[in-house]
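Coordinates from protein-v9.cif are shown below (mmCIF, C-alpha atoms).
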```cif
data_data
#
loop_
_atom_site.label_atom_id
_atom_site.label_comp_id
_atom_site.auth_asym_id
_atom_site.auth_seq_id
_atom_site.Cartn_x
_atom_site.Cartn_y
_atom_site.Cartn_z
CA MET A 520 -28.27 12.90 8.92
CA ASN A 521 -30.30 15.90 7.72
CA SER A 522 -27.23 18.07 7.59
CA LEU A 523 -25.47 15.45 5.50
CA SER A 524 -28.18 15.29 2.88
CA SER A 525 -28.34 19.06 2.65
CA LEU A 526 -24.58 19.06 2.13
CA ALA A 527 -24.91 16.51 -0.61
CA SER A 528 -27.44 18.64 -2.46
CA ASN A 529 -24.71 21.25 -2.90
CA VAL A 530 -22.79 18.90 -5.13
CA ILE A 531 -22.37 19.83 -8.71
CA ARG A 532 -21.99 16.46 -10.37
CA LEU A 533 -18.64 15.52 -11.79
CA SER A 534 -18.28 18.07 -14.49
CA ALA A 535 -16.00 17.57 -17.45
CA GLY A 536 -14.78 20.84 -18.90
CA ASN A 537 -13.25 21.40 -22.31
CA CYS A 538 -9.81 20.41 -21.13
CA MET A 539 -11.06 17.23 -19.46
CA GLN A 540 -10.64 18.41 -15.90
CA TYR A 541 -12.96 16.88 -13.39
CA SER A 542 -13.99 18.35 -10.09
CA ILE A 543 -16.45 18.28 -7.25
CA THR A 544 -17.86 21.49 -5.86
CA TYR A 545 -19.15 21.57 -2.32
CA GLN A 546 -19.85 24.42 0.03
CA ASP A 547 -17.65 27.11 -1.54
CA LYS A 548 -14.77 24.85 -2.55
CA THR A 549 -13.81 23.12 -5.75
CA VAL A 550 -11.81 19.92 -5.50
CA GLU A 551 -10.14 18.30 -8.51
CA THR A 552 -10.71 14.62 -9.21
CA ASP A 553 -9.79 12.11 -11.88
CA LYS A 554 -12.44 10.96 -14.32
CA LEU A 555 -13.52 8.17 -11.97
CA GLY A 556 -14.08 10.66 -9.16
CA TYR A 557 -10.98 9.91 -7.07
CA LEU A 558 -9.45 13.05 -5.56
CA LEU A 559 -6.26 14.14 -7.31
CA ASN A 560 -4.74 15.48 -4.12
CA VAL A 561 -4.91 13.52 -0.87
CA LYS A 562 -4.64 16.76 1.10
CA ASP A 563 -7.88 18.12 -0.39
CA TRP A 564 -9.89 15.63 1.63
CA GLN A 565 -11.90 16.67 4.66
CA SER A 566 -14.37 14.57 6.58
CA GLU A 567 -17.22 16.70 5.17
CA LEU A 568 -16.29 15.44 1.73
CA ALA A 569 -16.76 11.78 2.63
CA PRO A 570 -20.59 11.70 2.54
CA ILE A 571 -20.51 13.47 -0.82
CA LEU A 572 -18.08 10.95 -2.30
CA ALA A 573 -20.11 8.15 -0.70
CA GLU A 574 -23.29 9.41 -2.31
CA GLN A 575 -21.69 8.99 -5.73
CA GLU A 576 -21.23 5.35 -4.81
CA ASN A 577 -24.81 5.10 -3.51
CA ILE A 578 -23.54 4.51 -0.01
CA LYS A 579 -24.95 6.14 3.09
CA LEU A 580 -22.15 6.27 5.62
CA THR A 581 -22.72 4.47 8.90
CA GLU A 582 -20.35 4.17 11.83
CA ASN A 583 -19.04 0.89 10.37
CA HIS A 584 -18.33 2.61 7.04
CA TRP A 585 -16.49 5.40 8.81
CA GLU A 586 -14.35 2.88 10.65
CA VAL A 587 -13.15 1.43 7.33
CA VAL A 588 -12.77 4.83 5.67
CA ASN A 589 -10.63 6.14 8.52
CA PHE A 590 -8.68 2.90 8.55
CA VAL A 591 -7.74 3.04 4.84
CA ARG A 592 -6.83 6.69 5.17
CA ASN A 593 -4.49 5.92 8.05
CA PHE A 594 -3.09 2.98 6.10
CA TYR A 595 -2.26 5.32 3.23
CA LEU A 596 -0.71 7.96 5.45
CA THR A 597 1.43 5.34 7.21
CA PHE A 598 2.53 3.17 4.29
CA ASN A 599 2.13 5.60 1.37
CA THR A 600 -0.02 3.23 -0.62
CA SER A 601 -3.73 2.50 -0.94
CA PRO A 602 -4.43 -1.02 0.27
CA ALA A 603 -5.79 -3.41 -2.37
CA MET A 604 -8.38 -5.95 -1.28
CA ARG A 605 -6.18 -8.67 0.18
CA ALA A 606 -3.98 -6.28 2.11
CA LEU A 607 -7.07 -4.46 3.38
CA VAL A 608 -8.58 -7.67 4.73
CA LYS A 609 -5.36 -8.71 6.46
CA ALA A 610 -4.73 -5.29 7.93
CA MET A 611 -8.34 -4.98 9.15
CA ALA A 612 -8.11 -8.43 10.72
CA LYS A 613 -4.98 -7.42 12.59
CA GLU A 614 -6.57 -4.21 13.87
CA PHE A 615 -10.18 -5.24 14.51
CA GLY A 616 -10.12 -9.06 14.56
CA PRO A 617 -11.65 -11.62 12.17
CA VAL A 618 -15.27 -10.41 12.54
CA LYS A 619 -14.44 -7.21 10.63
CA GLY A 620 -11.31 -8.40 8.87
CA ASN A 621 -12.99 -10.55 6.25
CA SER A 622 -14.17 -9.85 2.75
CA ARG A 623 -17.82 -10.75 3.36
CA TYR A 624 -18.17 -8.06 6.01
CA LEU A 625 -16.37 -5.51 3.84
CA PHE A 626 -18.38 -6.30 0.71
CA LYS A 627 -21.60 -5.83 2.70
CA LEU A 628 -20.50 -2.28 3.51
CA PHE A 629 -19.00 -1.55 0.08
CA PRO A 630 -20.82 -3.76 -2.47
CA LYS A 631 -18.83 -2.62 -5.51
CA GLY A 632 -15.44 -3.41 -4.03
CA PRO A 633 -14.32 -2.37 -0.54
CA ALA A 634 -10.82 -1.28 -1.52
CA LYS A 635 -12.07 0.67 -4.52
CA GLN A 636 -14.97 2.38 -2.77
CA ALA A 637 -13.45 2.96 0.66
CA THR A 638 -10.32 4.54 -0.81
CA LYS A 639 -12.43 6.81 -2.98
CA ILE A 640 -14.53 7.97 -0.03
CA ALA A 641 -11.32 8.48 1.98
CA GLY A 642 -9.93 10.73 -0.74
CA LEU A 643 -7.10 8.39 -1.72
CA PRO A 644 -5.78 7.31 -5.12
CA LYS A 645 -7.34 4.15 -6.53
CA PRO A 646 -5.34 1.11 -5.40
CA ALA A 647 -3.35 -0.55 -8.18
CA LYS A 648 -4.68 -3.83 -9.58
CA CYS A 649 -7.63 -3.88 -7.29
CA LEU A 650 -10.92 -5.78 -7.27
CA MET B 151 7.73 -26.00 3.75
CA THR B 152 9.96 -28.98 3.16
CA ASP B 153 13.43 -28.79 1.72
CA HIS B 154 12.58 -30.15 -1.70
CA THR B 155 9.81 -27.59 -2.27
CA LEU B 156 10.97 -24.50 -4.09
CA ILE B 157 9.51 -21.06 -3.39
CA ASP B 158 8.13 -19.25 -6.47
CA PHE B 159 10.17 -16.05 -6.64
CA ALA B 160 13.23 -14.41 -5.15
CA ILE B 161 13.69 -10.73 -5.81
CA VAL B 162 17.29 -9.64 -5.32
CA ASN B 163 17.89 -5.97 -4.62
CA GLN B 164 21.43 -4.82 -5.23
CA SER B 165 20.77 -1.14 -6.10
CA GLY B 166 20.70 1.76 -3.69
CA PRO B 167 17.32 3.33 -2.93
CA LEU B 168 17.65 6.66 -4.72
CA GLY B 169 19.99 6.63 -7.73
CA THR B 170 17.63 4.64 -9.93
CA ALA B 171 14.00 3.55 -9.86
CA ASN B 172 15.09 -0.07 -9.29
CA ALA B 173 14.10 -0.15 -5.63
CA GLN B 174 10.62 1.11 -6.26
CA GLU B 175 10.09 -1.07 -9.34
CA SER B 176 11.17 -4.16 -7.49
CA LEU B 177 8.85 -3.47 -4.57
CA ASP B 178 5.91 -2.82 -6.92
CA MET B 179 6.64 -6.11 -8.64
CA ALA B 180 6.84 -8.01 -5.36
CA VAL B 181 3.44 -6.70 -4.28
CA ALA B 182 1.90 -7.38 -7.69
CA MET B 183 3.18 -10.98 -7.72
CA SER B 184 1.89 -11.54 -4.22
CA ASN B 185 -1.51 -10.17 -5.26
CA PHE B 186 -1.53 -12.87 -7.93
CA GLY B 187 -0.95 -15.53 -5.31
CA LYS B 188 2.77 -16.12 -5.87
CA GLN B 189 5.19 -16.67 -2.98
CA VAL B 190 7.83 -13.96 -2.92
CA SER B 191 10.99 -13.53 -0.83
CA LEU B 192 13.08 -10.37 -0.86
CA PHE B 193 16.89 -10.38 -0.77
CA PHE B 194 19.12 -7.38 -0.13
CA ILE B 195 22.79 -7.40 -1.03
CA ASP B 196 25.52 -4.86 -1.89
CA ASP B 197 24.10 -1.31 -2.03
CA GLY B 198 20.61 -2.84 -1.91
CA VAL B 199 20.90 -2.93 1.88
CA TYR B 200 20.62 0.87 1.89
CA GLN B 201 16.98 0.51 0.77
CA LEU B 202 16.08 -0.67 4.27
CA VAL B 203 17.90 2.01 6.23
CA ASP B 204 15.22 3.84 8.17
CA SER B 205 16.82 7.28 7.98
CA ILE B 206 16.41 7.34 4.17
CA VAL B 207 13.65 9.82 3.29
CA PRO B 208 13.02 9.73 -0.49
CA ASP B 209 10.35 12.46 -0.35
CA LYS B 210 13.01 14.96 0.75
CA ILE B 211 14.36 14.90 -2.79
CA GLY B 212 10.97 14.81 -4.44
CA ARG B 213 10.74 11.03 -4.81
CA LYS B 214 7.86 8.89 -3.66
CA ALA B 215 8.44 7.48 -0.16
CA PHE B 216 8.17 3.94 -1.49
CA ASN B 217 10.14 2.59 1.44
CA LYS B 218 7.25 3.16 3.84
CA LEU B 219 5.69 0.10 2.23
CA PHE B 220 8.32 -2.23 3.71
CA ALA B 221 6.50 -2.02 7.04
CA ALA B 222 3.23 -3.14 5.38
CA LEU B 223 4.63 -6.18 3.55
CA GLU B 224 3.16 -8.55 6.14
CA PHE B 225 -0.29 -7.60 4.80
CA TYR B 226 0.84 -8.71 1.34
CA ASP B 227 2.09 -12.09 2.60
CA ILE B 228 5.69 -11.09 1.98
CA GLU B 229 7.39 -12.01 5.22
CA GLN B 230 10.76 -13.38 4.16
CA LEU B 231 13.29 -10.57 3.99
CA TYR B 232 16.93 -11.65 3.82
CA VAL B 233 19.85 -9.31 4.18
CA CYS B 234 23.46 -10.16 3.37
CA ARG B 235 25.27 -9.58 6.65
CA ASP B 236 28.61 -9.01 4.96
CA SER B 237 27.17 -6.26 2.75
CA LEU B 238 25.64 -4.61 5.80
CA PHE B 239 28.84 -4.72 7.85
CA GLN B 240 31.02 -3.54 4.95
CA ARG B 241 28.89 -0.38 4.96
CA HIS B 242 29.23 0.01 8.73
CA LEU B 243 25.51 -0.58 9.22
CA SER B 244 23.74 -2.72 11.79
CA ALA B 245 20.33 -4.38 11.86
CA SER B 246 19.10 -1.77 14.35
CA GLN B 247 19.36 0.89 11.62
CA LEU B 248 16.94 -0.96 9.36
CA SER B 249 13.26 -0.04 9.19
CA VAL B 250 11.90 -3.60 9.36
CA ASP B 251 12.68 -6.99 10.86
CA VAL B 252 14.91 -9.00 8.56
CA LYS B 253 16.94 -12.20 8.63
CA LEU B 254 20.65 -11.44 8.55
CA LEU B 255 22.58 -14.13 6.70
CA PRO B 256 26.29 -14.56 6.11
CA HIS B 257 27.17 -14.61 2.42
CA ASP B 258 27.22 -18.41 1.97
CA GLN B 259 23.84 -18.91 3.65
CA PHE B 260 22.46 -16.00 1.65
CA ALA B 261 23.43 -17.88 -1.51
CA SER B 262 22.05 -21.22 -0.35
CA THR B 263 18.74 -19.61 0.68
CA LEU B 264 18.53 -17.97 -2.73
CA ALA B 265 18.98 -21.41 -4.31
CA LYS B 266 15.69 -22.53 -2.74
CA HIS B 267 13.71 -20.37 -5.17
CA LYS B 268 12.37 -21.34 -8.59
CA SER B 269 12.98 -17.97 -10.24
CA VAL B 270 15.34 -15.15 -9.34
CA LEU B 271 14.80 -11.55 -10.43
CA VAL B 272 17.62 -9.08 -9.96
CA PHE B 273 17.12 -5.33 -9.62
#
```

This structure in structure tokens:
Amino acid sequence: MNSLSSLASNVIRLSAGNCMQYSITYQDKTVETDKLGYLLNVKDWQSELAPILAEQENIKLTENHWEVVNFVRNFYLTFNTSPAMRALVKAMAKEFGPVKGNSRYLFKLFPKGPAKQATKIAGLPKPAKCL
Amino acid sequence: MTDHTLIDFAIVNQSGPLGTANAQESLDMAVAMSNFGKQVSLFFIDDGVYQLVDSIVPDKIGRKAFNKLFAALEFYDIEQLYVCRDSLFQRHLSASQLSVDVKLLPHDQFASTLAKHKSVLVF
């Protein structure tokens, strides 16, 4: 975890320039985001970026977080849409069973909204009409 | 579901997948209504049946690949997809060329199934 926190200290906080462009800088790369911190381009995401995005949400990624983050990313790549809450719960239940496919479990991992926070950490657009 | 109970919404797709935004708009609406707890069935007739053909790749012409979402509709509680068999056969298509499992209905049953819905939206 030490390497993760040293990575995170490289972050220059969401910076709004004159022309209202937002970005995250990490290592030697700059990645554009929207004003809420969601990546503008899905392809900009790398797994190293996840802990940095998670830190903005005050989340320290555990194995269980990673499972959900990877799951929503695969969901997006397969179906071309970010899953909103209800779809996320149903899809998780189908893949991992009812213990992980329920909203209580997901809200424990992502207190401010699993669909909203997991998609952000996975570098996806914010799901439409989402909790 | 008993016979006298009507389903909330039927969305009828009669436009091809690419010429207009109808296909994408209708799918967005179906998902939004389902997210608000409404029951939704999807119907495909006339050129609308082309929306389900799995060799259609909208991103090749710079459009969003909205049709990938058909395979995820089960997660949105949209599981009733009806296709007019006559429309499909007139276009020399078969169910095996469609990207998802659907119920094929002859024209008269297609109409009577549609009549079991409270509201009908046509795209």

Check: Please, which residues of chain A lie no more than 7 Å from chain B when the count uses all atoms listed in the file, and can they be set out as a list of chain:residue names?
Finding: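 Residues passing the distance filter: A:Phe598, A:Asn599, A:Ala606, A:Lys609, A:Ala610.
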
Notebook entry, point to check: Distance CA of Val252 (chain B)-CA of Tyr232 (chain B), one decimal place?
Noted result: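 Computed distance, CA of Val252 (chain B) to CA of Tyr232 (chain B), equals 5.8 Å.
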
Next item on the list: Let me know the residues the PyMOL selection byres ((chain B and resi 267) around 6) catches in the file above, as a ChimeraX atom specification.
Entry: /B:156-160,264-266,268-269

Output file for the residues above (C-alpha atoms, as an mmCIF file, keeping the file's coordinate frame):
```cif
data_model
loop_
_atom_site.group_PDB
_atom_site.id
_atom_site.type_symbol
_atom_site.label_atom_id
_atom_site.label_comp_id
_atom_site.auth_asym_id
_atom_site.auth_seq_id
_atom_site.Cartn_x
_atom_site.Cartn_y
_atom_site.Cartn_z
ATOM 1 C CA LEU B 156 10.970 -24.500 -4.090
ATOM 2 C CA ILE B 157 9.510 -21.060 -3.390
ATOM 3 C CA ASP B 158 8.130 -19.250 -6.470
ATOM 4 C CA PHE B 159 10.170 -16.050 -6.640
ATOM 5 C CA ALA B 160 13.230 -14.410 -5.150
ATOM 6 C CA LEU B 264 18.530 -17.970 -2.730
ATOM 7 C CA ALA B 265 18.980 -21.410 -4.310
ATOM 8 C CA LYS B 266 15.690 -22.530 -2.740
ATOM 9 C CA LYS B 268 12.370 -21.340 -8.590
ATOM 10 C CA SER B 269 12.980 -17.970 -10.240
#
```

Checklist line | Selection: 6 Å around region 631-648 of chain A, only C-alpha atoms, excl. self and same-chain fewer than 3 positions, as a list in words | finding: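 Result of the neighbour search: Tyr557, Leu558, Val561, Trp564, Ala569, Leu572, Ala573, Val588, Arg592, Ser601, Ala603, Met604, Leu625 and Phe626 of chain A.
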
Restricted to C-alpha atoms, what would the selected residues look like written as an mmCIF file, in the coordinates of the input?
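What landed in result-v4.cif:
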```
data_model
loop_
_atom_site.group_PDB
_atom_site.id
_atom_site.type_symbol
_atom_site.label_atom_id
_atom_site.label_comp_id
_atom_site.auth_asym_id
_atom_site.auth_seq_id
_atom_site.Cartn_x
_atom_site.Cartn_y
_atom_site.Cartn_z
ATOM 1 C CA TYR A 557 -10.980 9.910 -7.070
ATOM 2 C CA LEU A 558 -9.450 13.050 -5.560
ATOM 3 C CA VAL A 561 -4.910 13.520 -0.870
ATOM 4 C CA TRP A 564 -9.890 15.630 1.630
ATOM 5 C CA ALA A 569 -16.760 11.780 2.630
ATOM 6 C CA LEU A 572 -18.080 10.950 -2.300
ATOM 7 C CA ALA A 573 -20.110 8.150 -0.700
ATOM 8 C CA VAL A 588 -12.770 4.830 5.670
ATOM 9 C CA ARG A 592 -6.830 6.690 5.170
ATOM 10 C CA SER A 601 -3.730 2.500 -0.940
ATOM 11 C CA ALA A 603 -5.790 -3.410 -2.370
ATOM 12 C CA MET A 604 -8.380 -5.950 -1.280
ATOM 13 C CA LEU A 625 -16.370 -5.510 3.840
ATOM 14 C CA PHE A 626 -18.380 -6.300 0.710
#
```

Check: Exactly which residues make up the result of the PyMOL selection byres ((chain B and resi 187-199) around 10) on this file, given as a PyMOL selection string?
Finding: chain B and resi 156-167+172-173+176-177+179-186+200-203+226-238+240-241+243+248+252-254+257+260-261+263-264+267+269-273

Note to self: As an exercise, work out the distance from CA of Val608 (chain A) to CA of Gly620 (chain A) in Å and give it to one decimal place.
What the structure shows: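 Between these atoms lies a distance of 5.0 Å.
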
Note to self: What's the separation between CA of Val550 (chain A) and CA of Val587 (chain A), in Å to one decimal place?
What the structure shows: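 Interatomic distance, CA of Val550 (chain A) to CA of Val587 (chain A): 22.5 Å.
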